[in-house]
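> Got a file for you: run.pdb, PDB, C-alpha atoms.
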ATOM      1  CA  MET Z 714      20.881 156.671 110.982
ATOM      2  CA  ASN Z 715      23.427 156.951 108.239
ATOM      3  CA  PRO Z 716      23.185 159.746 105.676
ATOM      4  CA  ALA Z 717      21.755 158.694 102.344
ATOM      5  CA  ALA Z 718      24.359 157.095 100.152
ATOM      6  CA  SER Z 719      24.858 158.970  96.909
ATOM      7  CA  SER Z 720      23.865 156.981  93.818
ATOM      8  CA  PRO Z 721      24.750 153.452  95.053
ATOM      9  CA  ALA Z 722      25.638 150.909  92.387
ATOM     10  CA  PRO Z 723      22.622 148.816  91.317
ATOM     11  CA  ASP Z 724      24.280 145.618  92.515
ATOM     12  CA  ARG Z 725      25.262 147.205  95.854
ATOM     13  CA  PRO Z 726      22.173 149.200  96.898
ATOM     14  CA  LEU Z 727      23.070 149.229 100.587
ATOM     15  CA  VAL Z 728      26.538 150.785 100.471
ATOM     16  CA  GLY Z 729      26.938 153.044 103.497
ATOM     17  CA  ARG Z 730      23.868 151.568 105.198
ATOM     18  CA  THR Z 731      23.578 149.705 108.489
ATOM     19  CA  VAL Z 732      21.016 146.923 108.822
ATOM     20  CA  ALA Z 733      20.042 145.197 112.066
ATOM     21  CA  LEU Z 734      19.200 141.521 111.623
ATOM     22  CA  THR Z 735      17.275 139.967 114.517
ATOM     23  CA  ARG Z 736      19.279 136.763 114.521
ATOM     24  CA  ALA Z 737      22.476 135.577 116.150
ATOM     25  CA  ALA Z 738      25.572 135.845 113.993
ATOM     26  CA  ASP Z 739      25.761 132.075 113.516
ATOM     27  CA  ARG Z 740      22.143 132.015 112.311
ATOM     28  CA  ALA Z 741      22.436 134.924 109.885
ATOM     29  CA  GLY Z 742      23.551 132.565 107.134
ATOM     30  CA  ALA Z 743      22.896 133.426 103.514
ATOM     31  CA  LEU Z 744      20.812 136.471 104.416
ATOM     32  CA  GLY Z 745      23.654 138.089 106.327
ATOM     33  CA  THR Z 746      25.983 137.345 103.424
ATOM     34  CA  ALA Z 747      23.561 138.847 100.893
ATOM     35  CA  LEU Z 748      23.183 142.036 102.926
ATOM     36  CA  ARG Z 749      26.941 142.428 103.299
ATOM     37  CA  ASP Z 750      27.496 141.712  99.595
ATOM     38  CA  ALA Z 751      25.036 144.538  98.870
ATOM     39  CA  GLY Z 752      27.278 146.885 100.864
ATOM     40  CA  ALA Z 753      25.520 146.912 104.238
ATOM     41  CA  THR Z 754      27.080 146.792 107.653
ATOM     42  CA  VAL Z 755      25.106 144.021 109.355
ATOM     43  CA  LEU Z 756      24.376 144.096 113.087
ATOM     44  CA  ALA Z 757      23.560 140.640 114.494
ATOM     45  CA  VAL Z 758      20.917 141.173 117.175
ATOM     46  CA  PRO Z 759      19.714 137.864 118.643
ATOM     47  CA  VAL Z 760      16.442 138.674 120.380
ATOM     48  CA  ILE Z 761      14.981 135.185 120.674
ATOM     49  CA  ASP Z 762      16.386 131.770 121.459
ATOM     50  CA  PHE Z 763      15.008 128.240 121.573
ATOM     51  CA  ALA Z 764      14.575 125.921 124.537
ATOM     52  CA  TRP Z 765      13.293 122.420 125.087
ATOM     53  CA  PRO Z 766       9.678 121.923 126.177
ATOM     54  CA  VAL Z 767       9.251 121.862 129.941
ATOM     55  CA  ASP Z 768       8.007 118.271 129.568
ATOM     56  CA  LEU Z 769       9.825 116.215 126.935
ATOM     57  CA  GLY Z 770       7.510 113.240 127.430
ATOM     58  CA  PRO Z 771       4.996 114.039 124.656
ATOM     59  CA  LEU Z 772       7.751 114.749 122.116
ATOM     60  CA  ASP Z 773       9.643 111.570 122.977
ATOM     61  CA  ALA Z 774       6.455 109.514 122.767
ATOM     62  CA  ALA Z 775       5.588 110.978 119.367
ATOM     63  CA  LEU Z 776       9.078 110.215 118.046
ATOM     64  CA  ALA Z 777       8.852 106.623 119.268
ATOM     65  CA  GLU Z 778       5.483 106.229 117.548
ATOM     66  CA  LEU Z 779       6.935 107.271 114.206
ATOM     67  CA  ARG Z 780       8.447 103.816 113.958
ATOM     68  CA  THR Z 781       5.296 101.944 114.980
ATOM     69  CA  GLY Z 782       3.326 102.959 111.894
ATOM     70  CA  ARG Z 783       0.971 105.314 113.722
ATOM     71  CA  TYR Z 784       1.800 108.230 111.423
ATOM     72  CA  GLY Z 785       1.705 108.360 107.671
ATOM     73  CA  TRP Z 786       3.230 111.825 107.427
ATOM     74  CA  LEU Z 787       5.592 114.106 109.326
ATOM     75  CA  ALA Z 788       5.043 117.838 108.681
ATOM     76  CA  VAL Z 789       8.018 120.059 109.526
ATOM     77  CA  THR Z 790       7.672 123.824 109.728
ATOM     78  CA  SER Z 791      11.184 125.142 110.441
ATOM     79  CA  ALA Z 792      14.864 124.289 110.531
ATOM     80  CA  THR Z 793      14.684 124.698 114.305
ATOM     81  CA  THR Z 794      12.125 121.895 114.416
ATOM     82  CA  VAL Z 795      14.580 119.730 112.480
ATOM     83  CA  THR Z 796      17.226 120.435 115.126
ATOM     84  CA  ALA Z 797      14.833 119.479 117.925
ATOM     85  CA  LEU Z 798      13.737 116.249 116.230
ATOM     86  CA  THR Z 799      17.221 115.065 115.322
ATOM     87  CA  ARG Z 800      18.644 115.809 118.748
ATOM     88  CA  ARG Z 801      15.848 114.046 120.613
ATOM     89  CA  ALA Z 802      15.941 111.075 118.257
ATOM     90  CA  ASP Z 803      19.683 110.779 118.871
ATOM     91  CA  ALA Z 804      19.148 111.109 122.629
ATOM     92  CA  LEU Z 805      16.650 108.250 122.462
ATOM     93  CA  GLY Z 806      19.267 106.087 120.772
ATOM     94  CA  THR Z 807      17.729 106.034 117.279
ATOM     95  CA  GLY Z 808      18.413 108.556 114.547
ATOM     96  CA  LEU Z 809      15.545 110.365 112.879
ATOM     97  CA  PRO Z 810      15.990 108.609 109.480
ATOM     98  CA  ALA Z 811      15.638 105.227 111.199
ATOM     99  CA  LEU Z 812      12.468 106.312 113.009
ATOM    100  CA  LEU Z 813      10.961 107.479 109.736
ATOM    101  CA  ALA Z 814      11.719 104.162 108.042
ATOM    102  CA  GLY Z 815       8.641 102.641 109.682
ATOM    103  CA  PRO Z 816       8.039  99.285 111.337
ATOM    104  CA  SER Z 817       9.422  97.059 108.539
ATOM    105  CA  PRO Z 818      11.782  99.097 106.336
ATOM    106  CA  SER Z 819      13.635  96.097 104.923
ATOM    107  CA  ARG Z 820      10.442  94.363 103.789
ATOM    108  CA  ASP Z 821       8.076  97.099 102.672
ATOM    109  CA  SER Z 822       9.130 100.630 101.737
ATOM    110  CA  ARG Z 823       5.456 101.672 101.825
ATOM    111  CA  THR Z 824       5.664 101.731 105.621
ATOM    112  CA  ARG Z 825       8.068 104.679 105.481
ATOM    113  CA  VAL Z 826       6.697 107.871 106.983
ATOM    114  CA  ARG Z 827       6.414 110.518 104.292
ATOM    115  CA  VAL Z 828       7.850 113.943 105.076
ATOM    116  CA  ALA Z 829       6.604 117.419 104.151
ATOM    117  CA  ALA Z 830       8.514 120.678 104.655
ATOM    118  CA  VAL Z 831       6.982 124.134 104.754
ATOM    119  CA  ALA Z 832       9.860 125.795 102.877
ATOM    120  CA  ALA Z 833      12.993 125.069 100.888
ATOM    121  CA  ALA Z 834      15.257 125.959 103.820
ATOM    122  CA  THR Z 835      13.410 123.471 106.020
ATOM    123  CA  ALA Z 836      13.724 120.812 103.327
ATOM    124  CA  ALA Z 837      17.462 121.487 103.073
ATOM    125  CA  ALA Z 838      17.859 121.065 106.849
ATOM    126  CA  LEU Z 839      16.008 117.742 106.682
ATOM    127  CA  GLU Z 840      18.171 116.521 103.809
ATOM    128  CA  ARG Z 841      21.322 117.449 105.735
ATOM    129  CA  ALA Z 842      19.969 115.253 108.544
ATOM    130  CA  GLY Z 843      19.620 112.344 106.118
ATOM    131  CA  VAL Z 844      15.849 112.620 105.713
ATOM    132  CA  ALA Z 845      14.219 112.381 102.292
ATOM    133  CA  VAL Z 846      11.554 115.039 101.699
ATOM    134  CA  ASP Z 847       8.420 114.139  99.762
ATOM    135  CA  LEU Z 848       6.555 117.443  99.609
ATOM    136  CA  VAL Z 849       7.615 121.116  99.561
ATOM    137  CA  PRO Z 850       5.462 123.990  98.240
ATOM    138  CA  HIS Z 851       7.111 125.652  95.248
ATOM    139  CA  PRO Z 852       8.119 128.273  94.293
ATOM    140  CA  ALA Z 853       6.700 130.185  97.281
ATOM    141  CA  SER Z 854       6.569 128.817 100.817
ATOM    142  CA  GLY Z 855       4.284 128.915 103.810
ATOM    143  CA  ALA Z 856       1.880 126.825 105.841
ATOM    144  CA  ASP Z 857      -1.139 127.837 103.750
ATOM    145  CA  LEU Z 858       0.668 126.853 100.543
ATOM    146  CA  LEU Z 859       1.705 123.527 102.046
ATOM    147  CA  VAL Z 860      -1.933 122.849 102.905
ATOM    148  CA  ALA Z 861      -2.895 123.628  99.310
ATOM    149  CA  ALA Z 862      -0.214 121.254  97.993
ATOM    150  CA  TRP Z 863      -1.107 118.428 100.381
ATOM    151  CA  PRO Z 864      -2.465 115.216  98.804
ATOM    152  CA  GLU Z 865      -6.162 114.456  98.845
ATOM    153  CA  THR Z 866      -7.522 111.894 101.299
ATOM    154  CA  GLY Z 867      -9.075 109.691  98.633
ATOM    155  CA  PRO Z 868      -8.185 106.099  97.715
ATOM    156  CA  GLY Z 869      -4.458 105.516  97.738
ATOM    157  CA  ALA Z 870      -3.754 108.215 100.341
ATOM    158  CA  GLY Z 871      -2.559 105.559 102.799
ATOM    159  CA  ASN Z 872      -2.188 106.421 106.472
ATOM    160  CA  ARG Z 873      -3.998 109.745 106.979
ATOM    161  CA  THR Z 874      -2.482 110.655 110.337
ATOM    162  CA  VAL Z 875       0.044 113.506 110.429
ATOM    163  CA  LEU Z 876       2.569 114.242 113.165
ATOM    164  CA  LEU Z 877       3.051 118.013 113.453
ATOM    165  CA  PRO Z 878       5.909 119.052 115.782
ATOM    166  CA  HIS Z 879       6.152 122.815 116.236
ATOM    167  CA  SER Z 880       7.048 125.763 118.432
ATOM    168  CA  ASP Z 881       4.979 126.567 121.496
ATOM    169  CA  LEU Z 882       3.975 129.804 119.703
ATOM    170  CA  ALA Z 883       3.062 128.228 116.372
ATOM    171  CA  ALA Z 884       0.069 129.424 114.412
ATOM    172  CA  GLY Z 885      -2.649 126.850 113.809
ATOM    173  CA  THR Z 886      -2.666 127.324 110.022
ATOM    174  CA  LEU Z 887      -1.275 123.926 109.103
ATOM    175  CA  GLU Z 888      -3.172 121.936 111.734
ATOM    176  CA  THR Z 889      -6.498 123.572 110.911
ATOM    177  CA  GLY Z 890      -5.977 123.427 107.170
ATOM    178  CA  LEU Z 891      -5.066 119.744 107.076
ATOM    179  CA  ALA Z 892      -7.911 118.820 109.413
ATOM    180  CA  ALA Z 893     -10.335 120.649 107.137
ATOM    181  CA  ARG Z 894      -9.100 118.490 104.257
ATOM    182  CA  GLY Z 895      -9.814 115.270 106.125
ATOM    183  CA  TRP Z 896      -6.444 114.495 107.694
ATOM    184  CA  THR Z 897      -5.972 113.588 111.358
ATOM    185  CA  VAL Z 898      -3.316 115.882 112.840
ATOM    186  CA  HIS Z 899      -1.424 115.250 116.074
ATOM    187  CA  PRO Z 900       0.428 118.424 117.143
ATOM    188  CA  VAL Z 901       3.264 118.256 119.663
ATOM    189  CA  THR Z 902       5.525 120.976 121.043
ATOM    190  CA  ALA Z 903       9.104 120.362 119.894
ATOM    191  CA  TYR Z 904      10.639 123.529 121.362
ATOM    192  CA  ARG Z 905       9.845 126.826 123.072
ATOM    193  CA  THR Z 906      10.635 130.351 121.849
ATOM    194  CA  VAL Z 907      12.226 132.330 124.691
ATOM    195  CA  ASP Z 908      14.126 135.564 125.230
ATOM    196  CA  HIS Z 909      17.764 135.415 124.198
ATOM    197  CA  PRO Z 910      19.785 133.775 125.599
ATOM    198  CA  ALA Z 911      18.064 130.592 126.764
ATOM    199  CA  ALA Z 912      19.262 129.149 130.053
ATOM    200  CA  PRO Z 913      22.137 126.747 129.225
ATOM    201  CA  GLU Z 914      20.396 123.783 130.867
ATOM    202  CA  GLN Z 915      17.267 124.397 128.768
ATOM    203  CA  ALA Z 916      18.766 125.584 125.481
ATOM    204  CA  LEU Z 917      18.054 123.615 122.330
ATOM    205  CA  GLU Z 918      21.578 124.392 121.129
ATOM    206  CA  PRO Z 919      23.681 125.155 124.229
ATOM    207  CA  GLU Z 920      26.843 125.137 122.119
ATOM    208  CA  ALA Z 921      25.564 127.859 119.764
ATOM    209  CA  ASP Z 922      27.456 131.128 119.528
ATOM    210  CA  VAL Z 923      25.434 133.631 121.570
ATOM    211  CA  ALA Z 924      27.507 136.621 120.499
ATOM    212  CA  GLY Z 925      25.661 139.638 119.215
ATOM    213  CA  LEU Z 926      24.382 143.035 120.183
ATOM    214  CA  THR Z 927      21.541 143.688 122.578
ATOM    215  CA  VAL Z 928      18.524 145.515 121.179
ATOM    216  CA  VAL Z 929      19.520 148.606 123.179
ATOM    217  CA  ALA Z 930      23.042 148.595 121.726
ATOM    218  CA  ALA Z 931      21.793 147.943 118.194
ATOM    219  CA  GLN Z 932      19.266 150.758 118.319
ATOM    220  CA  ALA Z 933      21.921 153.082 119.716
ATOM    221  CA  ALA Z 934      23.895 152.417 116.503
ATOM    222  CA  ARG Z 935      21.020 154.055 114.581
ATOM    223  CA  PRO Z 936      20.578 151.401 111.860
ATOM    224  CA  ASP Z 937      18.889 152.356 108.612
ATOM    225  CA  ALA Z 938      16.568 149.321 108.814
ATOM    226  CA  ALA Z 939      15.853 146.340 111.043
ATOM    227  CA  VAL Z 940      14.849 142.964 109.641
ATOM    228  CA  VAL Z 941      12.258 141.173 111.798
ATOM    229  CA  THR Z 942      11.547 137.499 111.203
ATOM    230  CA  SER Z 943       8.504 136.703 113.342
ATOM    231  CA  PRO Z 944       5.944 138.272 115.670
ATOM    232  CA  SER Z 945       8.270 137.390 118.559
ATOM    233  CA  THR Z 946      11.176 139.343 117.108
ATOM    234  CA  VAL Z 947       8.856 142.268 116.291
ATOM    235  CA  ARG Z 948       7.665 142.496 119.876
ATOM    236  CA  ARG Z 949      11.124 142.218 121.374
ATOM    237  CA  TRP Z 950      12.624 144.804 119.002
ATOM    238  CA  LEU Z 951       9.840 147.314 119.592
ATOM    239  CA  ALA Z 952       9.874 146.821 123.378
ATOM    240  CA  VAL Z 953      12.919 149.094 123.497
ATOM    241  CA  GLY Z 954      11.889 151.549 120.796
ATOM    242  CA  HIS Z 955      11.620 151.861 117.033
ATOM    243  CA  PRO Z 956      14.194 154.303 115.711
ATOM    244  CA  CYS Z 957      14.360 152.869 112.189
ATOM    245  CA  PRO Z 958      12.171 151.335 109.457
ATOM    246  CA  LEU Z 959      11.177 147.699 109.926
ATOM    247  CA  VAL Z 960      11.475 145.126 107.167
ATOM    248  CA  ALA Z 961       9.191 142.157 107.840
ATOM    249  CA  ILE Z 962       9.790 138.668 106.517
ATOM    250  CA  GLY Z 963       6.332 137.360 105.731
ATOM    251  CA  PRO Z 964       2.818 138.705 106.276
ATOM    252  CA  THR Z 965       2.480 137.535 109.887
ATOM    253  CA  SER Z 966       5.540 139.532 110.925
ATOM    254  CA  ALA Z 967       4.142 142.523 109.033
ATOM    255  CA  ALA Z 968       0.791 142.125 110.787
ATOM    256  CA  ALA Z 969       2.526 142.022 114.174
ATOM    257  CA  ALA Z 970       4.331 145.261 113.368
ATOM    258  CA  THR Z 971       1.048 146.902 112.374
ATOM    259  CA  ASP Z 972      -0.654 145.663 115.531
ATOM    260  CA  ALA Z 973       2.210 147.143 117.567
ATOM    261  CA  GLY Z 974       1.631 150.537 115.981
ATOM    262  CA  HIS Z 975       4.772 150.554 113.830
ATOM    263  CA  PRO Z 976       3.879 149.217 110.355
ATOM    264  CA  ALA Z 977       6.668 147.639 108.373
ATOM    265  CA  ALA Z 978       8.296 149.882 105.791
ATOM    266  CA  ALA Z 979       8.531 146.858 103.484
ATOM    267  CA  THR Z 980       7.579 143.193 103.558
ATOM    268  CA  ALA Z 981       9.710 140.536 101.893
ATOM    269  CA  ALA Z 982       7.774 138.300  99.524
ATOM    270  CA  SER Z 983       9.565 135.253 100.991
ATOM    271  CA  PRO Z 984      12.478 134.439 103.317
ATOM    272  CA  ASP Z 985      14.723 134.011 100.284
ATOM    273  CA  PRO Z 986      17.765 136.316 100.736
ATOM    274  CA  ALA Z 987      17.127 137.982  97.362
ATOM    275  CA  ASP Z 988      13.575 138.892  98.372
ATOM    276  CA  VAL Z 989      14.649 140.194 101.776
ATOM    277  CA  LEU Z 990      17.454 142.221 100.195
ATOM    278  CA  ALA Z 991      14.972 143.779  97.770
ATOM    279  CA  ALA Z 992      12.653 144.683 100.655
ATOM    280  CA  VAL Z 993      15.490 146.235 102.677
ATOM    281  CA  ALA Z 994      16.597 148.306  99.677
ATOM    282  CA  ALA Z 995      13.012 149.478  99.139
ATOM    283  CA  ALA Z 996      12.624 150.426 102.799
ATOM    284  CA  VAL Z 997      15.875 152.385 102.807
ATOM    285  CA  ARG Z 998      14.946 154.213  99.591
ATOM    286  CA  GLY Z 999      11.485 155.010 100.911
ATOM    287  CA  HIS Z1000      12.809 156.311 104.203
ATOM    288  CA  ALA Z1001      15.434 158.448 102.476
ATOM    289  CA  ALA Z1002      12.689 159.931 100.313
ATOM    290  CA  GLY Z1003      10.534 160.598 103.364
ATOM    291  CA  SER Z1004       7.806 158.198 102.252
ATOM    292  CA  PRO Z1005       5.679 156.656 105.014
ATOM    293  CA  THR Z1006       4.184 154.129 102.621
ATOM    294  CA  ALA Z1007       4.979 150.484 103.274
ATOM    295  CA  ARG Z1008       5.931 148.384 100.288
ATOM    296  CA  SER Z1009       4.880 144.755 100.152
ATOM    297  CA  ALA Z1010       4.619 141.842  97.767
ATOM    298  CA  HIS Z1011       1.611 140.677  99.782
ATOM    299  CA  PRO Z1012      -1.895 142.063 100.255
ATOM    300  CA  SER Z1013      -2.506 143.783 103.549
ATOM    301  CA  PRO Z1014      -2.108 141.220 106.335
ATOM    302  CA  SER Z1015      -4.972 140.410 108.647
ATOM    303  CA  PRO Z1016      -4.969 141.946 112.128
ATOM    304  CA  SER Z1017      -4.459 138.522 113.682
ATOM    305  CA  THR Z1018      -0.783 137.778 114.257
ATOM    306  CA  PRO Z1019      -0.190 134.189 115.352
ATOM    307  CA  GLU Z1020       3.405 133.116 115.368
ATOM    308  CA  ARG Z1021       5.066 132.170 112.121
ATOM    309  CA  ARG Z1022       8.818 132.164 112.278
ATOM    310  CA  TRP Z1023      10.544 132.042 108.941
ATOM    311  CA  ASP Z1024      13.515 129.715 108.559
ATOM    312  CA  PRO Z1025      16.955 131.022 109.289
TER     313      PRO Z1025
END
Represent the supplied structure as structure tokens.


Amino acid sequence: MNPAASSPAPDRPLVGRTVALTRAADRAGALGTALRDAGATVLAVPVIDFAWPVDLGPLDAALAELRTGRYGWLAVTSATTVTALTRRADALGTGLPALLAGPSPSRDSRTRVRVAAVAAATAAALERAGVAVDLVPHPASGADLLVAAWPETGPGAGNRTVLLPHSDLAAGTLETGLAARGWTVHPVTAYRTVDHPAAPEQALEPEADVAGLTVVAAQAARPDAAVVTSPSTVRRWLAVGHPCPLVAIGPTSAAAATDAGHPAAATAASPDPADVLAAVAAAVRGHAAGSPTARSAHPSPSPSTPERRWDP
């Protein structure tokens, strides 16, 4: 690891530091920029990738039924889900916005499927795909907060059936929470989380830039901190070793780190780059001071660590 930087400027707290980010370079986005702007050398370490379901039949059928009026809502939990939905809709010959327009868009706008996003980044991905978003939890994000913000099932609720496309490793928070509130939820696997890189014939984004360091190479560089984005990235990073403090994005990633015997040095309050940057700076300061105490904006996470992957 790098020696402690002497009195870094407040606006550049990571000068002289190296931070491993468990994403491919082309998925580092605003977070990678924020870390570099704070002075860090950022190592892109793609440890997971995304592949199509083994059987695309259920996903294709669910997409086709969007237009028939079967669903009143579409709940989207990640930008990766947006990629899967738009690509399959295009492959079926109808774009996602057209499918969401419902059975009679020109005559009755009330037939349009309403759309909910779990986070602002997911909402932005939907809007880039031409999809209007009706519900996003604010200012924080997460499946539990989306459940809390979801409309009641009383008079005027309309169609109470929700299509929930997700990863094969998704937690059941949204499905269970909406069902408990009286909504009928139809989950469907939109993509699989696999080791990086996915086989080209199975990859969700075969054209994506797969460049980046392996976990072995990244750990050999002795980074000052590693940012982990989900239980999957925690497990894959720690499978090789754990030579530096972990910074978890979200409580489920933090819980996975604890379960693996290497508690996070800090947990970001949200996937917002400013929050992650603050957590990385706290972890680096704590490690330099020899403090084993994890810092978190959340209460201690539960020992259960279902998958929740924060948006790129």

> Output the residue selection produced by the PyMOL selection byres ((chain Z and resi 735) around 9) on the file above, formatted as a list in words.

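With the shown file as input, the PyMOL selection byres ((chain Z and resi 735) around 9) matches Ala733, Leu734, Arg736, Ala737, Ala741, Leu756, Ala757, Val758, Pro759, Val760, Ile761, Val928, Ala939, Val940, Val941, Thr942, Thr946, Val947 and Trp950 of chain Z.
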
> Measuring atom to atom with all atoms listed in the file, identify which of Z:Gly808, Z:Ala834, Z:Glu918, Z:Leu787 is nearest to Z:Pro986.

Z:Ala834

> Pick from Z:Ala832, Z:Ala969, Z:Leu877, Z:Leu809: nearest to Z:Ala845, with only C-alpha atoms counted?

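Checking each of Z:Ala832, Z:Ala969, Z:Leu877, Z:Leu809 against Z:Ala845, counting only C-alpha atoms, the winner is Z:Leu809.
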
> Suppose a student applies the PyMOL selection byres ((chain Z and resi 751) around 7) to this structure; what residues should they get, written as number ranges by chain?

Z: 724-728, 747-750, 752-753

> Would you list the contacts of Z:Pro958 as a ChimeraX atom specification, taking every protein, DNA or RNA residue within 8 Å and counting all atoms listed in the file, but skipping same-chain residues closer than 6 positions in sequence?

/Z:937-939,977-978,996-997,1000

> Could you tell me which residues the PyMOL selection byres ((chain Z and resi 882-894) around 10) returns for this structure, as a VMD selection string?

chain Z and resid 788 790 831 855 to 861 863 to 866 874 to 881 895 to 900 902 904 to 907 944 to 945 965 1018 to 1022
